[in-house]
>>> print(open('run.csv').read())   # CSV, C-alpha atoms and all ligand atoms
chain,number,residue,atom,x,y,z
R,1,MET,CA,-41.6,-45.2,-39.8
R,2,PHE,CA,-38.4,-45.2,-41.9
R,3,MET,CA,-39.2,-41.9,-43.7
R,4,LYS,CA,-40.5,-39.9,-40.7
R,5,GLY,CA,-39.4,-36.3,-41.0
R,6,LYS,CA,-38.3,-36.7,-44.6
R,7,LYS,CA,-39.6,-34.4,-47.4
R,8,GLY,CA,-39.2,-34.9,-51.1
R,9,VAL,CA,-40.6,-34.6,-54.6
R,10,ILE,CA,-41.7,-37.3,-57.0
R,11,LEU,CA,-41.7,-36.6,-60.7
R,12,GLY,CA,-43.4,-39.0,-63.1
R,13,VAL,CA,-46.8,-40.0,-61.6
R,14,ALA,CA,-49.1,-40.2,-64.6
R,15,ASN,CA,-51.8,-42.3,-62.9
R,16,ASP,CA,-52.3,-45.0,-60.2
R,17,LYS,CA,-50.6,-47.6,-62.4
R,18,SER,CA,-47.3,-45.6,-62.5
R,19,ILE,CA,-44.2,-46.9,-60.8
R,20,ALA,CA,-43.9,-43.5,-59.2
R,21,TYR,CA,-47.3,-44.1,-57.6
R,22,GLY,CA,-46.0,-47.3,-56.0
R,23,ILE,CA,-43.0,-45.4,-54.7
R,24,ALA,CA,-45.2,-42.6,-53.3
R,25,LYS,CA,-47.4,-45.1,-51.5
R,26,ALA,CA,-44.5,-46.9,-49.9
R,27,CYS,CA,-42.8,-43.6,-48.8
R,28,ALA,CA,-46.1,-42.1,-47.5
R,29,ALA,CA,-46.7,-45.3,-45.5
R,30,GLN,CA,-43.4,-44.7,-43.8
R,31,GLY,CA,-44.1,-41.1,-42.9
R,32,ALA,CA,-42.7,-39.1,-45.8
R,33,GLN,CA,-44.1,-35.8,-46.9
R,34,ILE,CA,-44.3,-35.8,-50.7
R,35,ALA,CA,-44.6,-33.1,-53.4
R,36,PHE,CA,-45.8,-34.2,-56.8
R,37,THR,CA,-45.4,-32.9,-60.4
R,38,TYR,CA,-47.5,-33.4,-63.5
R,39,LEU,CA,-46.5,-33.2,-67.1
R,40,ASN,CA,-49.5,-31.3,-68.6
R,41,ASP,CA,-53.1,-30.3,-67.8
R,42,SER,CA,-54.6,-33.6,-68.9
R,43,LEU,CA,-52.4,-35.5,-66.4
R,44,LYS,CA,-53.0,-32.8,-63.7
R,45,LYS,CA,-56.5,-34.2,-63.4
R,46,ARG,CA,-55.1,-37.6,-62.4
R,47,VAL,CA,-52.2,-36.4,-60.3
R,48,VAL,CA,-54.2,-34.0,-58.1
R,49,PRO,CA,-56.5,-36.7,-56.6
R,50,ILE,CA,-53.4,-38.9,-56.0
R,51,ALA,CA,-51.6,-36.1,-54.2
R,52,THR,CA,-54.8,-35.5,-52.1
R,53,GLU,CA,-54.7,-39.2,-51.2
R,54,PHE,CA,-51.3,-38.6,-49.6
R,55,GLY,CA,-52.3,-35.3,-47.9
R,56,SER,CA,-50.3,-33.3,-50.5
R,57,GLU,CA,-53.1,-31.4,-52.2
R,58,ASN,CA,-51.1,-28.2,-51.7
R,59,LEU,CA,-47.9,-29.7,-53.0
R,60,VAL,CA,-48.7,-30.3,-56.7
R,61,TYR,CA,-46.7,-28.5,-59.4
R,62,PRO,CA,-46.4,-28.5,-63.2
R,63,CYS,CA,-43.1,-29.7,-64.6
R,64,ASP,CA,-42.4,-30.7,-68.2
R,65,VAL,CA,-38.8,-31.6,-67.9
R,66,SER,CA,-38.1,-30.6,-71.5
R,67,ASN,CA,-38.8,-27.0,-70.4
R,68,PRO,CA,-35.9,-25.5,-68.2
R,69,GLU,CA,-38.2,-22.7,-67.0
R,70,GLU,CA,-40.6,-25.2,-65.5
R,71,ILE,CA,-37.7,-26.9,-63.6
R,72,LYS,CA,-36.6,-23.5,-62.3
R,73,ALA,CA,-40.2,-22.7,-61.3
R,74,LEU,CA,-40.4,-26.1,-59.5
R,75,LYS,CA,-37.4,-25.2,-57.5
R,76,GLU,CA,-38.9,-21.9,-56.4
R,77,SER,CA,-42.2,-23.6,-55.4
R,78,LEU,CA,-40.5,-26.3,-53.4
R,79,GLU,CA,-38.3,-23.8,-51.7
R,80,LYS,CA,-41.3,-21.7,-50.7
R,81,ASP,CA,-43.5,-24.6,-49.6
R,82,LEU,CA,-41.1,-27.2,-48.2
R,83,GLY,CA,-37.8,-25.4,-47.7
R,84,GLN,CA,-35.2,-28.2,-47.5
R,85,ILE,CA,-35.8,-31.6,-49.1
R,86,ASP,CA,-34.4,-35.0,-48.5
R,87,PHE,CA,-35.3,-37.0,-51.7
R,88,ILE,CA,-36.1,-36.8,-55.4
R,89,VAL,CA,-37.7,-39.5,-57.5
R,90,HIS,CA,-37.1,-39.2,-61.3
R,91,SER,CA,-39.5,-41.7,-62.8
R,92,ILE,CA,-39.7,-40.2,-66.3
R,93,ALA,CA,-38.9,-41.4,-69.7
R,94,PHE,CA,-40.1,-40.7,-73.3
R,95,ALA,CA,-39.1,-41.8,-76.8
R,96,PRO,CA,-41.0,-41.0,-80.0
R,97,LYS,CA,-42.9,-44.0,-81.3
R,98,GLU,CA,-40.4,-44.4,-84.2
R,99,GLY,CA,-37.7,-45.3,-81.7
R,100,LEU,CA,-39.6,-48.2,-80.1
R,101,SER,CA,-40.1,-50.5,-83.1
R,102,GLY,CA,-38.7,-51.4,-86.5
R,103,ARG,CA,-35.1,-51.2,-87.7
R,104,PHE,CA,-32.8,-49.6,-85.1
R,105,TYR,CA,-30.6,-47.9,-87.7
R,106,ASP,CA,-33.6,-45.9,-89.0
R,107,ILE,CA,-33.8,-43.8,-85.8
R,108,SER,CA,-33.8,-40.1,-86.6
R,109,LYS,CA,-31.5,-37.6,-84.9
R,110,GLU,CA,-34.6,-35.7,-83.8
R,111,ALA,CA,-36.1,-38.8,-82.0
R,112,PHE,CA,-32.7,-39.6,-80.5
R,113,ASP,CA,-32.3,-36.1,-79.1
R,114,ILE,CA,-35.8,-36.1,-77.6
R,115,ALA,CA,-35.3,-39.4,-75.9
R,116,MET,CA,-32.0,-38.5,-74.4
R,117,ASP,CA,-33.2,-35.1,-73.3
R,118,ILE,CA,-36.3,-36.2,-71.5
R,119,SER,CA,-35.1,-39.6,-70.3
R,120,VAL,CA,-31.5,-38.8,-69.4
R,121,TYR,CA,-30.5,-35.1,-69.3
R,122,SER,CA,-33.5,-34.3,-67.2
R,123,LEU,CA,-32.0,-36.2,-64.3
R,124,ILE,CA,-28.9,-34.0,-64.5
R,125,GLU,CA,-30.8,-30.8,-64.8
R,126,ILE,CA,-33.3,-31.6,-62.0
R,127,THR,CA,-30.4,-32.6,-59.7
R,128,ARG,CA,-28.5,-29.4,-60.5
R,129,GLU,CA,-31.5,-27.1,-60.1
R,130,LEU,CA,-32.8,-28.7,-56.9
R,131,LYS,CA,-29.4,-29.2,-55.3
R,132,PRO,CA,-29.6,-26.0,-53.3
R,133,LEU,CA,-32.6,-27.5,-51.5
R,134,LEU,CA,-31.2,-30.9,-50.8
R,135,SER,CA,-30.1,-31.8,-47.3
R,136,ASN,CA,-26.7,-33.3,-46.7
R,137,ASN,CA,-28.3,-36.6,-46.0
R,138,SER,CA,-30.4,-37.0,-49.1
R,139,SER,CA,-31.2,-39.5,-51.8
R,140,ILE,CA,-32.0,-39.3,-55.5
R,141,LEU,CA,-33.7,-42.3,-57.3
R,142,THR,CA,-34.2,-42.9,-61.0
R,143,LEU,CA,-35.8,-45.8,-62.9
R,144,SER,CA,-34.1,-48.0,-65.4
R,145,TYR,CA,-34.7,-51.2,-67.4
R,146,TYR,CA,-32.6,-54.2,-68.4
R,147,GLY,CA,-32.9,-53.1,-72.0
R,148,GLY,CA,-30.1,-50.6,-71.2
R,149,VAL,CA,-27.7,-53.5,-70.6
R,150,LYS,CA,-28.8,-56.2,-73.0
R,151,TYR,CA,-30.7,-56.3,-76.2
R,152,ILE,CA,-34.5,-56.5,-75.7
R,153,PRO,CA,-36.7,-56.7,-78.7
R,154,ASN,CA,-38.3,-53.3,-79.7
R,155,TYR,CA,-36.8,-51.4,-76.7
R,156,ASN,CA,-34.4,-49.9,-79.2
R,157,LEU,CA,-33.9,-46.2,-78.6
R,158,MET,CA,-35.0,-46.4,-75.0
R,159,GLY,CA,-32.3,-49.1,-74.4
R,160,VAL,CA,-29.6,-46.6,-75.5
R,161,ALA,CA,-31.2,-44.0,-73.2
R,162,LYS,CA,-31.3,-46.4,-70.2
R,163,ALA,CA,-27.6,-47.2,-70.8
R,164,ALA,CA,-26.8,-43.5,-70.6
R,165,LEU,CA,-29.1,-43.1,-67.6
R,166,GLU,CA,-27.3,-45.8,-65.7
R,167,MET,CA,-23.9,-44.2,-66.3
R,168,THR,CA,-25.4,-40.8,-65.4
R,169,THR,CA,-26.5,-42.3,-62.1
R,170,LYS,CA,-22.9,-43.4,-61.4
R,171,TYR,CA,-21.2,-40.2,-62.4
R,172,LEU,CA,-23.8,-38.2,-60.4
R,173,ALA,CA,-23.2,-40.5,-57.4
R,174,GLU,CA,-19.5,-39.8,-57.4
R,175,ASP,CA,-19.9,-36.1,-57.9
R,176,LEU,CA,-22.5,-35.6,-55.2
R,177,GLY,CA,-21.2,-38.1,-52.6
R,178,ARG,CA,-19.0,-35.3,-51.2
R,179,ASP,CA,-22.2,-33.3,-50.5
R,180,GLY,CA,-23.9,-36.2,-48.6
R,181,ILE,CA,-26.2,-36.9,-51.5
R,182,ARG,CA,-26.7,-40.5,-52.7
R,183,VAL,CA,-27.9,-41.3,-56.3
R,184,ASN,CA,-29.3,-44.8,-57.2
R,185,ALA,CA,-31.4,-46.4,-59.9
R,186,ILE,CA,-33.9,-49.3,-59.7
R,187,SER,CA,-33.9,-51.5,-62.8
R,188,ALA,CA,-37.5,-52.7,-62.7
R,189,GLY,CA,-38.9,-55.7,-64.4
R,190,PRO,CA,-41.7,-55.0,-67.0
R,191,ILE,CA,-44.9,-53.6,-65.6
R,192,LYS,CA,-48.0,-52.6,-67.6
R,193,THR,CA,-48.1,-48.8,-67.4
R,194,LEU,CA,-48.9,-45.9,-69.8
R,195,ALA,CA,-45.3,-45.7,-70.8
R,196,ALA,CA,-45.1,-49.4,-71.4
R,197,ALA,CA,-48.0,-49.3,-73.7
R,198,GLY,CA,-45.7,-47.4,-76.2
R,199,ILE,CA,-43.5,-50.4,-76.6
R,200,SER,CA,-44.4,-52.8,-79.3
R,201,ASP,CA,-45.3,-56.4,-78.2
R,202,PHE,CA,-45.1,-55.5,-74.5
R,203,ARG,CA,-47.3,-58.4,-73.6
R,204,PHE,CA,-44.7,-60.8,-74.9
R,205,MET,CA,-42.1,-59.1,-72.7
R,206,LEU,CA,-44.3,-59.7,-69.6
R,207,LYS,CA,-44.9,-63.3,-70.5
R,208,TRP,CA,-41.2,-63.9,-71.2
R,209,ASN,CA,-40.1,-62.4,-67.9
R,210,GLU,CA,-42.6,-64.3,-66.0
R,211,ALA,CA,-41.6,-67.6,-67.6
R,212,HIS,CA,-37.8,-67.0,-67.4
R,213,SER,CA,-37.2,-65.3,-64.0
R,214,PRO,CA,-36.2,-67.3,-60.9
R,215,LEU,CA,-39.4,-66.2,-59.1
R,216,LYS,CA,-41.6,-67.1,-62.1
R,217,LYS,CA,-43.7,-63.9,-61.7
R,218,ASN,CA,-43.8,-60.3,-62.8
R,219,VAL,CA,-43.1,-57.5,-60.4
R,220,THR,CA,-45.7,-55.0,-59.1
R,221,ILE,CA,-45.5,-51.3,-58.5
R,222,ASP,CA,-45.8,-52.0,-54.8
R,223,GLU,CA,-42.7,-54.2,-54.9
R,224,VAL,CA,-40.7,-51.5,-56.8
R,225,GLY,CA,-42.2,-49.0,-54.3
R,226,ASN,CA,-40.9,-50.8,-51.3
R,227,SER,CA,-37.4,-51.1,-52.8
R,228,GLY,CA,-37.6,-47.4,-53.7
R,229,MET,CA,-38.5,-46.5,-50.2
R,230,TYR,CA,-35.4,-48.4,-49.0
R,231,LEU,CA,-33.1,-46.5,-51.4
R,232,LEU,CA,-34.7,-43.2,-50.4
R,233,SER,CA,-34.5,-43.8,-46.6
R,234,ASP,CA,-31.5,-44.0,-44.3
R,235,LEU,CA,-31.8,-47.8,-44.4
R,236,SER,CA,-29.5,-47.5,-47.5
R,237,SER,CA,-27.2,-44.9,-46.0
R,238,ALA,CA,-24.1,-46.6,-47.5
R,239,VAL,CA,-25.5,-47.3,-50.9
R,240,THR,CA,-24.9,-45.0,-53.8
R,241,GLY,CA,-24.2,-45.4,-57.6
R,242,GLU,CA,-26.1,-48.7,-57.5
R,243,ILE,CA,-28.3,-50.1,-60.2
R,244,HIS,CA,-30.6,-52.2,-58.0
R,245,TYR,CA,-32.6,-54.9,-59.9
R,246,VAL,CA,-36.2,-55.4,-58.9
R,247,ASP,CA,-37.1,-57.9,-61.6
R,248,SER,CA,-37.9,-61.3,-59.9
R,249,GLY,CA,-34.2,-62.1,-60.6
R,250,PHE,CA,-34.6,-62.1,-64.4
R,251,ASN,CA,-31.2,-60.4,-65.0
R,252,ILE,CA,-29.2,-63.3,-63.5
R,253,MET,CA,-30.5,-65.8,-66.1
R,254,GLY,CA,-28.2,-66.9,-69.0
R,301,LIG,O1,-42.2,-51.8,-67.5
R,301,LIG,C1,-42.1,-50.7,-67.1
R,301,LIG,N1,-43.2,-49.9,-67.0
R,301,LIG,C2,-40.8,-50.1,-66.7
R,301,LIG,C3,-40.6,-48.8,-66.6
R,301,LIG,C4,-39.7,-51.1,-66.5
R,301,LIG,C5,-38.5,-50.4,-66.0
R,301,LIG,C6,-38.4,-49.1,-66.0
R,301,LIG,N2,-39.4,-48.3,-66.3
R,301,LIG,C7,-39.2,-46.8,-66.2
R,301,LIG,C8,-39.7,-46.0,-67.3
R,301,LIG,O2,-38.8,-46.1,-68.4
R,301,LIG,C9,-39.7,-44.6,-66.7
R,301,LIG,O3,-38.4,-44.1,-66.6
R,301,LIG,O4,-40.0,-46.3,-65.1
R,301,LIG,C10,-40.2,-44.9,-65.3
R,301,LIG,C11,-41.7,-44.7,-65.0
R,301,LIG,O5,-42.4,-45.3,-66.0
R,301,LIG,P1,-43.9,-45.9,-65.8
R,301,LIG,O6,-44.3,-45.8,-64.4
R,301,LIG,O7,-43.8,-47.3,-66.5
R,301,LIG,O8,-44.8,-45.1,-66.8
R,301,LIG,P2,-45.8,-43.9,-66.7
R,301,LIG,O9,-46.8,-44.2,-65.6
R,301,LIG,O10,-46.4,-43.6,-68.0
R,301,LIG,O11,-44.9,-42.7,-66.2
R,301,LIG,C12,-44.0,-42.1,-67.0
R,301,LIG,C13,-44.2,-40.7,-67.0
R,301,LIG,C14,-45.1,-40.1,-68.1
R,301,LIG,O12,-46.2,-40.7,-68.4
R,301,LIG,P3,-46.7,-40.6,-70.0
R,301,LIG,O13,-47.3,-42.0,-70.1
R,301,LIG,O14,-47.7,-39.5,-70.0
R,301,LIG,O15,-45.5,-40.4,-70.9
R,301,LIG,O16,-43.1,-39.9,-67.3
R,301,LIG,C15,-43.7,-38.6,-67.4
R,301,LIG,C16,-45.1,-38.7,-67.7
R,301,LIG,O17,-45.9,-38.3,-66.6
R,301,LIG,N3,-43.1,-37.8,-68.5
R,301,LIG,C17,-42.7,-36.5,-68.3
R,301,LIG,N4,-42.6,-35.8,-67.2
R,301,LIG,C18,-42.2,-34.6,-67.3
R,301,LIG,N5,-41.7,-34.0,-68.4
R,301,LIG,C19,-42.2,-36.1,-69.5
R,301,LIG,C20,-41.7,-34.8,-69.5
R,301,LIG,N6,-41.3,-34.2,-70.7
R,301,LIG,N7,-42.4,-37.0,-70.4
R,301,LIG,C21,-42.9,-38.1,-69.8
>>> encode(input="run.csv", output="structure tokens")
Amino acid sequence: MFMKGKKGVILGVANDKSIAYGIAKACAAQGAQIAFTYLNDSLKKRVVPIATEFGSENLVYPCDVSNPEEIKALKESLEKDLGQIDFIVHSIAFAPKEGLSGRFYDISKEAFDIAMDISVYSLIEITRELKPLLSNNSSILTLSYYGGVKYIPNYNLMGVAKAALEMTTKYLAEDLGRDGIRVNAISAGPIKTLAAAGISDFRFMLKWNEAHSPLKKNVTIDEVGNSGMYLLSDLSSAVTGEIHYVDSGFNIMG
């Protein structure tokens, strides 16, 4: 029971295919108490049954991270219902469709700002707003992708956002280390989820990864979940600012 006695919040469950769901499953199996958020009413219908599955039916809150008021309200609700927390999972990203295909130089400033706001700045804002609730032995986890390090076809604007997210992880790790708060990212291999459906030719990415990774297979949300549990638990008490690849080893290939 590596998460026994630990309480936390997971943002970014859209359905039971979400990476955040895999992380919730692994943390719950190790004894964590988990609060969940949902983006909007149509996703609420999917998130409530998932929260119920983990005994968290009274710990489900709205949070559209593009709305600072909803982040502030989340802090109030968590404080009331959980008091102190020990972990935060930020499994959220969004880029307008125009940023995920076509010529890169055509991206509008509006699309760029939206992608950076929701996929990157939200990690900073959530961390700042929830920091008063974080224990001095806590862990924050976000999700990245290799397209933030190397060119990946069609990943375009999200690649730039992931590069910014990875550096945000490192600067936050330095800043919060003095408070006993660790900040890490998992760079996951491609997985068929709702968010992935927005990326043109995603099936090709899956096939390419499978064929060219050392393990010759794609990763599952359970595998990402297990690694996430490790980074959120005291098993990784000396690990911070890390971008941990859970990608069947794809990133080492030349
Ligand atoms: O191949 C993949 N699926 C990979 C995903 C490989 C490597 C990394 N990732 C990352 C994603 O970029 C993202 O950061 O993992 C994270 C989770 O993505 P996911 O599990 O693949 O996708 P999904 O199940 O769709 O969850 C992402 C959720 C949103 O779902 P939709 O599909 O409705 O956009 O992020 C949430 C939303 O629930 N989200 C928001 N939450 C709060 N406020 C917002 C927002 N404004 N926008 C999106």
>>> residues_around(input="run.csv", residues="Met1 in chain R", least_positions_apart="6", cutoff="9 Å", atoms="all atoms listed in the file", output="mmCIF file with C-alpha atoms, keeping the file's coordinate frame")
data_model
loop_
_atom_site.group_PDB
_atom_site.id
_atom_site.type_symbol
_atom_site.label_atom_id
_atom_site.label_comp_id
_atom_site.auth_asym_id
_atom_site.auth_seq_id
_atom_site.Cartn_x
_atom_site.Cartn_y
_atom_site.Cartn_z
ATOM 1 C CA ALA R 29 -46.700 -45.300 -45.500
ATOM 2 C CA GLN R 30 -43.400 -44.700 -43.800
ATOM 3 C CA GLY R 31 -44.100 -41.100 -42.900
ATOM 4 C CA ALA R 32 -42.700 -39.100 -45.800
#
>>> closest_residue(input="run.csv", among="R:Lys17, R:Ile50, R:Ser138, R:Ile126", to="Ala197 in chain R", atoms="all atoms listed in the file")
R:Lys17
>>> residues_around(input="run.csv", residues="range 36-49 of chain R", least_positions_apart="2", cutoff="10 Å", atoms="only C-alpha atoms", output="PyMOL selection string")
chain R and resi 8-16+20-21+24+34+51-66+74+89+92
>>> residues_around(input="run.csv", residues="Glu210 in chain R", least_positions_apart="5", cutoff="10 Å", atoms="all atoms listed in the file", output="PyMOL selection string")
chain R and resi 189-190+204-205+215-219+247-248+250
>>> write_last_selection(input="run.csv", atoms="C-alpha atoms", output="short mmCIF file (atom, residue, chain, number, x, y, z; two decimals), keeping the file's coordinate frame")
data_model
loop_
_atom_site.label_atom_id
_atom_site.label_comp_id
_atom_site.auth_asym_id
_atom_site.auth_seq_id
_atom_site.Cartn_x
_atom_site.Cartn_y
_atom_site.Cartn_z
CA GLY R 189 -38.90 -55.70 -64.40
CA PRO R 190 -41.70 -55.00 -67.00
CA PHE R 204 -44.70 -60.80 -74.90
CA MET R 205 -42.10 -59.10 -72.70
CA LEU R 215 -39.40 -66.20 -59.10
CA LYS R 216 -41.60 -67.10 -62.10
CA LYS R 217 -43.70 -63.90 -61.70
CA ASN R 218 -43.80 -60.30 -62.80
CA VAL R 219 -43.10 -57.50 -60.40
CA ASP R 247 -37.10 -57.90 -61.60
CA SER R 248 -37.90 -61.30 -59.90
CA PHE R 250 -34.60 -62.10 -64.40
#
>>> atom_distance(input="run.csv", atom1="CA of Val160 in chain R", atom2="CA of Ser237 in chain R")
29.6 Å
>>> closest_residue(input="run.csv", among="R:Ala195, R:Leu82, R:Ile88, R:Ile140", to="Gly177 in chain R", atoms="all atoms listed in the file")
R:Ile140
>>> atom_distance(input="run.csv", atom1="CA of Asn184 in chain R", atom2="CA of Ser91 in chain R")
12.0 Å
>>> atom_distance(input="run.csv", atom1="CA of Thr168 in chain R", atom2="CA of Glu129 in chain R")
15.9 Å
>>> closest_residue(input="run.csv", among="R:Val183, R:Leu141, R:Leu130, R:Ala28", to="Phe2 in chain R", atoms="all atoms listed in the file")
R:Ala28
>>> closest_residue(input="run.csv", among="R:Pro68, R:Pro214, R:Gly180, R:Gly249", to="ligand LIG 301 (chain R)", atoms="only C-alpha atoms and all ligand atoms")
R:Pro68
>>> closest_residue(input="run.csv", among="R:Arg128, R:Lys80, R:His244, R:Lys6", to="ligand LIG 301 (chain R)", atoms="all atoms listed in the file")
R:His244
>>> closest_residue(input="run.csv", among="R:Thr193, R:Thr240, R:Asn154, R:Ser139", to="Lys97 in chain R", atoms="only C-alpha atoms")
R:Asn154
>>> residues_around(input="run.csv", residues="Asn156 in chain R", least_positions_apart="2", cutoff="10 Å", atoms="all atoms listed in the file", output="ChimeraX atom specification")
/R:95,98-105,107,147-148,151-154,158-161,199
>>> residues_around(input="run.csv", residues="Leu134 in chain R", least_positions_apart="6", cutoff="9 Å", atoms="all atoms listed in the file", output="ChimeraX atom specification")
/R:8,84-88,181
>>> decode(input="run.csv", residues="range 10-18 of chain R", atoms="all heavy atoms", output="PDB file, in the first residue's frame")
ATOM      1  N   ILE R  10      -6.995  14.576  -9.036  1.00  0.00           N
ATOM      2  CA  ILE R  10      -6.617  14.241 -10.412  1.00  0.00           C
ATOM      3  C   ILE R  10      -7.469  15.053 -11.371  1.00  0.00           C
ATOM      4  O   ILE R  10      -8.704  14.945 -11.367  1.00  0.00           O
ATOM      5  CB  ILE R  10      -6.766  12.721 -10.664  1.00  0.00           C
ATOM      6  CG1 ILE R  10      -5.810  11.943  -9.744  1.00  0.00           C
ATOM      7  CG2 ILE R  10      -6.513  12.392 -12.136  1.00  0.00           C
ATOM      8  CD1 ILE R  10      -5.719  10.457  -9.999  1.00  0.00           C
ATOM      9  N   LEU R  11      -6.814  15.888 -12.175  1.00  0.00           N
ATOM     10  CA  LEU R  11      -7.503  16.690 -13.186  1.00  0.00           C
ATOM     11  C   LEU R  11      -7.217  16.089 -14.553  1.00  0.00           C
ATOM     12  O   LEU R  11      -6.053  15.802 -14.863  1.00  0.00           O
ATOM     13  CB  LEU R  11      -7.001  18.140 -13.183  1.00  0.00           C
ATOM     14  CG  LEU R  11      -7.190  18.952 -11.898  1.00  0.00           C
ATOM     15  CD1 LEU R  11      -5.944  18.918 -11.029  1.00  0.00           C
ATOM     16  CD2 LEU R  11      -7.532  20.410 -12.240  1.00  0.00           C
ATOM     17  N   GLY R  12      -8.265  15.866 -15.342  1.00  0.00           N
ATOM     18  CA  GLY R  12      -8.038  15.402 -16.714  1.00  0.00           C
ATOM     19  C   GLY R  12      -8.609  14.027 -17.027  1.00  0.00           C
ATOM     20  O   GLY R  12      -8.265  13.445 -18.045  1.00  0.00           O
ATOM     21  N   VAL R  13      -9.492  13.503 -16.152  1.00  0.00           N
ATOM     22  CA  VAL R  13     -10.206  12.290 -16.539  1.00  0.00           C
ATOM     23  C   VAL R  13     -11.359  12.725 -17.455  1.00  0.00           C
ATOM     24  O   VAL R  13     -12.203  13.536 -17.056  1.00  0.00           O
ATOM     25  CB  VAL R  13     -10.778  11.530 -15.314  1.00  0.00           C
ATOM     26  CG1 VAL R  13     -11.622  10.340 -15.781  1.00  0.00           C
ATOM     27  CG2 VAL R  13      -9.661  11.053 -14.400  1.00  0.00           C
ATOM     28  N   ALA R  14     -11.366  12.209 -18.686  1.00  0.00           N
ATOM     29  CA  ALA R  14     -12.494  12.471 -19.586  1.00  0.00           C
ATOM     30  C   ALA R  14     -13.370  11.226 -19.677  1.00  0.00           C
ATOM     31  O   ALA R  14     -14.592  11.313 -19.772  1.00  0.00           O
ATOM     32  CB  ALA R  14     -11.995  12.881 -20.966  1.00  0.00           C
ATOM     33  N   ASN R  15     -12.738  10.067 -19.649  1.00  0.00           N
ATOM     34  CA  ASN R  15     -13.466   8.785 -19.673  1.00  0.00           C
ATOM     35  C   ASN R  15     -12.500   7.674 -19.215  1.00  0.00           C
ATOM     36  O   ASN R  15     -11.388   7.970 -18.769  1.00  0.00           O
ATOM     37  CB  ASN R  15     -14.038   8.504 -21.076  1.00  0.00           C
ATOM     38  CG  ASN R  15     -12.942   8.530 -22.138  1.00  0.00           C
ATOM     39  OD1 ASN R  15     -11.812   8.130 -21.877  1.00  0.00           O
ATOM     40  ND2 ASN R  15     -13.264   9.027 -23.312  1.00  0.00           N
ATOM     41  N   ASP R  16     -12.953   6.415 -19.353  1.00  0.00           N
ATOM     42  CA  ASP R  16     -12.088   5.335 -18.831  1.00  0.00           C
ATOM     43  C   ASP R  16     -10.955   4.956 -19.783  1.00  0.00           C
ATOM     44  O   ASP R  16     -10.237   3.983 -19.553  1.00  0.00           O
ATOM     45  CB  ASP R  16     -12.927   4.113 -18.415  1.00  0.00           C
ATOM     46  CG  ASP R  16     -13.669   3.494 -19.583  1.00  0.00           C
ATOM     47  OD1 ASP R  16     -13.468   3.935 -20.731  1.00  0.00           O
ATOM     48  OD2 ASP R  16     -14.456   2.550 -19.347  1.00  0.00           O
ATOM     49  N   LYS R  17     -10.799   5.728 -20.860  1.00  0.00           N
ATOM     50  CA  LYS R  17      -9.640   5.555 -21.753  1.00  0.00           C
ATOM     51  C   LYS R  17      -8.549   6.578 -21.421  1.00  0.00           C
ATOM     52  O   LYS R  17      -7.438   6.514 -21.942  1.00  0.00           O
ATOM     53  CB  LYS R  17     -10.044   5.769 -23.216  1.00  0.00           C
ATOM     54  CG  LYS R  17     -11.230   4.952 -23.695  1.00  0.00           C
ATOM     55  CD  LYS R  17     -10.784   3.537 -24.060  1.00  0.00           C
ATOM     56  CE  LYS R  17     -11.905   2.676 -24.589  1.00  0.00           C
ATOM     57  NZ  LYS R  17     -12.959   2.403 -23.608  1.00  0.00           N
ATOM     58  N   SER R  18      -8.875   7.571 -20.578  1.00  0.00           N
ATOM     59  CA  SER R  18      -7.936   8.648 -20.264  1.00  0.00           C
ATOM     60  C   SER R  18      -6.719   8.125 -19.510  1.00  0.00           C
ATOM     61  O   SER R  18      -6.837   7.241 -18.652  1.00  0.00           O
ATOM     62  CB  SER R  18      -8.608   9.699 -19.365  1.00  0.00           C
ATOM     63  OG  SER R  18      -9.683  10.322 -20.023  1.00  0.00           O
TER      64      SER R  18
END
